[in-house]
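Trainee: First the structure, then my questions, so here it is.
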Amino acid sequence: MSAANPAGANLSASPMTPEEKLSGDMLMLTSGFMMCAAALWLAVYWSLGHQYSTAIPLIFQGLSAATVLLYWRTRKLMLFAFVQLGLILFAPFAMQWAIGNFVSSSGVSLWGLMAPVGAVTVLGTRQSVPWFFAWLFMTVMAGVFDFLLAGNVPTRVDMATVAVFFVLNFAAISVMIYSLLWYFASEKQKLRAQVDAQHAELKLEKDRSEKLLLNILPPAIAERLKRNEMNIAQGHADVTVMFADIVGFTRMTEELSPVETVKILNDVFSMFDEIADKHRVEKIKTIGDAYMACAGLDAGANIHYADAVGSMALEMQDKVREYRERTGERIEIRVGIGTGPVVAGVIGKRKFIYDMWGDTVNVAFRMAADAYSGAIQVDLMTYRRLHNRFRFDEAHEVEIKGKGRMQVFHLMGRQ
């Protein structure tokens, strides 16, 4: 046995789950208790002058040791359970019949109750039912035989010994059952705590993934993606789209290091993100030094979505001015706003992006591209939505690429 390689012996065995390992440990512990009890009880009987055949206890111990060794080498839990539980069930009745009857053996057959108890913890509640009825059947049959053979079986044990062993049997069985169930419940609580910890970690990772997804996509689109929908596209009859870009940033990058370039963009666009959250405007994406946002995708969340975009544009100007004064960076932005219908959706299967298309998007982009530094230029539709609550300059007619002559306005502030 010492020459065996336990690590190599288990190479072919499939990995056990924590529950299966606990069940195997429980059954090994029960088997150990039973083997020790058989040897101890036999020694006590002999010390009291009652010498019985050692065949049954020795056979039980030998077979139990063999099944434990087999399980230790193969980790075949079901085979180990059925063989060992069978030995635990039948050995006490065999010992009772060898001694005499239920009374003279001091109810040693009660040890067979460990079989259905072990089956509950190892095999589960449903699989333990046959073991319980098997023990019950054998107990009834033993009682019937004792009744029919009463007076024909000589009593070889004095009542004092019988009384002592009745106490020992009941006490030992009670301690074993309680100890096994306590150990089982304790280990179950540890496993449950591990499972709860794993669930908490999974929930934390899920929340992180959810937050990351919502940082990329609007909530409604994220929900549709999680339902494995394909070709997600949705038309919106009326939204307000905004583009903002940093004036002359391409020329600035020639004078800046890559780290400084990224830092400025991150500082400015992070300010824009905070402003967008404040006004409940949906950030769509950044394109180089341009920032795109939109309101009205969910009109129920913000009915005055054009007002939200207008307020955001004004606050963006204020924040950029503060940033310029604080850092000394020569940063100016120009903003273009357009209002009208768009189509929005997710394109691609990998590294997908939520995007918007339509004439309104093109108008907003051209409003920003043709605006002068520091201006917020809007189209006629946006002006009509906002002129009662915001201040504008006089209308201008400008040539917009792809649109021809258009009437535009510059947003100056709130009324």
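Each chain of the structure tokens is named A, B, ... in the order shown, its residues numbered from 1; ligands are numbered from 1 in display order.
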Within 10 Å of Gly288 in chain A, counting only C-alpha atoms, which residues qualify if same-chain residues fewer than 5 places away don't, as number ranges by chain?

Mentor: A: 245-246, 249-250, 265

Trainee: I'd like the contact shell of range 324-336 of chain A - 8 Å cut-off, only C-alpha atoms, skipping same-chain residues fewer than 3 positions apart - returned as an NGL selection string.

Mentor: :A and (242-247 or 313 or 317 or 320-321 or 364-369 or 371-378)

Trainee: May I have the selected residues written with N, CA and C atoms, as a compact mmCIF listing (two decimals), in the first residue's frame?

Mentor:
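Contents of the output file again.txt:
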```
# COMPACT_ATOMS: atom_id res chain seq x y z
N MET A 242 -25.84 66.95 -31.79
CA MET A 242 -24.82 67.97 -31.59
C MET A 242 -23.44 67.42 -31.92
N PHE A 243 -22.65 68.23 -32.63
CA PHE A 243 -21.23 67.96 -32.83
C PHE A 243 -20.44 69.11 -32.24
N ALA A 244 -19.34 68.74 -31.56
CA ALA A 244 -18.43 69.77 -31.05
C ALA A 244 -17.01 69.34 -31.37
N ASP A 245 -16.21 70.24 -31.93
CA ASP A 245 -14.81 69.88 -32.17
C ASP A 245 -13.90 71.00 -31.71
N ILE A 246 -12.66 70.60 -31.46
CA ILE A 246 -11.67 71.54 -30.97
C ILE A 246 -11.03 72.25 -32.17
N VAL A 247 -11.07 73.55 -32.16
CA VAL A 247 -10.60 74.35 -33.30
C VAL A 247 -9.07 74.25 -33.40
N ALA A 313 -24.55 72.72 -24.66
CA ALA A 313 -23.60 73.45 -25.50
C ALA A 313 -23.09 74.71 -24.81
N GLN A 317 -19.10 75.51 -23.46
CA GLN A 317 -18.30 76.71 -23.71
C GLN A 317 -17.72 77.27 -22.41
N VAL A 320 -14.88 74.96 -21.09
CA VAL A 320 -13.66 75.08 -21.89
C VAL A 320 -12.95 76.40 -21.57
N ARG A 321 -13.72 77.44 -21.35
CA ARG A 321 -13.11 78.73 -20.99
C ARG A 321 -12.39 78.60 -19.64
N ALA A 364 -26.03 68.68 -38.61
CA ALA A 364 -25.34 69.04 -37.38
C ALA A 364 -23.83 69.06 -37.58
N PHE A 365 -23.33 68.09 -38.33
CA PHE A 365 -21.88 68.06 -38.59
C PHE A 365 -21.44 69.29 -39.37
N ARG A 366 -22.23 69.68 -40.38
CA ARG A 366 -21.87 70.85 -41.18
C ARG A 366 -22.02 72.14 -40.37
N MET A 367 -23.00 72.16 -39.47
CA MET A 367 -23.14 73.33 -38.61
C MET A 367 -21.86 73.56 -37.79
N ALA A 368 -21.27 72.45 -37.30
CA ALA A 368 -20.04 72.58 -36.51
C ALA A 368 -18.85 72.90 -37.41
N ALA A 369 -18.78 72.24 -38.56
CA ALA A 369 -17.62 72.42 -39.44
C ALA A 369 -17.53 73.83 -39.98
N ALA A 371 -18.92 76.58 -38.49
CA ALA A 371 -19.05 77.61 -37.46
C ALA A 371 -17.69 78.25 -37.18
N TYR A 372 -17.71 79.47 -36.68
CA TYR A 372 -16.44 80.10 -36.32
C TYR A 372 -16.08 79.70 -34.90
N SER A 373 -14.84 79.93 -34.52
CA SER A 373 -14.32 79.51 -33.23
C SER A 373 -15.14 80.12 -32.09
N GLY A 374 -15.56 79.26 -31.14
CA GLY A 374 -16.31 79.70 -29.98
C GLY A 374 -17.80 79.83 -30.22
N ALA A 375 -18.28 79.53 -31.44
CA ALA A 375 -19.70 79.72 -31.78
C ALA A 375 -20.48 78.42 -31.58
N ILE A 376 -21.80 78.59 -31.34
CA ILE A 376 -22.74 77.47 -31.34
C ILE A 376 -23.73 77.75 -32.47
N GLN A 377 -23.58 77.04 -33.55
CA GLN A 377 -24.39 77.30 -34.75
C GLN A 377 -25.47 76.24 -34.86
N VAL A 378 -26.72 76.68 -35.10
CA VAL A 378 -27.85 75.75 -35.13
C VAL A 378 -28.63 75.96 -36.43
```

Trainee: Any idea what's packed within 10 Å of Phe170 in chain A, counting only C-alpha atoms, ignoring anything in its chain fewer than 6 positions away? Could you give it as a list in words?

Mentor: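 The filter keeps Ser106, Gly107, Val108, Leu110, Trp111 and Met176 of chain A.
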
Trainee: Just to confirm, what's the straight-line distance from CA of Val122 in chain A to CA of Ser23 in chain A in Å (one decimal)?

Mentor: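 Calculated distance between CA of Val122 in chain A and CA of Ser23 in chain A is 4.6 Å.
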
Trainee: Between CA of Ala134 in chain A and CA of Pro116 in chain A, what is the distance, to one decimal in Å?

Mentor: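 Separating CA of Ala134 in chain A from CA of Pro116 in chain A is a distance of 8.6 Å.
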
Trainee: Using DSSP secondary structure from the backbone, list all alpha helix (DSSP H) positions within range 32-134 of chain A, as a ChimeraX atom specification.

Mentor: /A:32-47,55-74,77-99,114-122,125-134

Trainee: Just to confirm, what's the straight-line distance from CA of Leu87 in chain A to CA of Phe133 in chain A in Å (one decimal)?

Mentor: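 So the answer is 15.8 Å.
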
Trainee: Which one is closest to Ala308 in chain A: A:Lys283, A:Lys263, A:Lys211, A:Lys278? Count only C-alpha atoms.

Mentor: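 Selected residue with least distance to Ala308 in chain A: A:Lys278.
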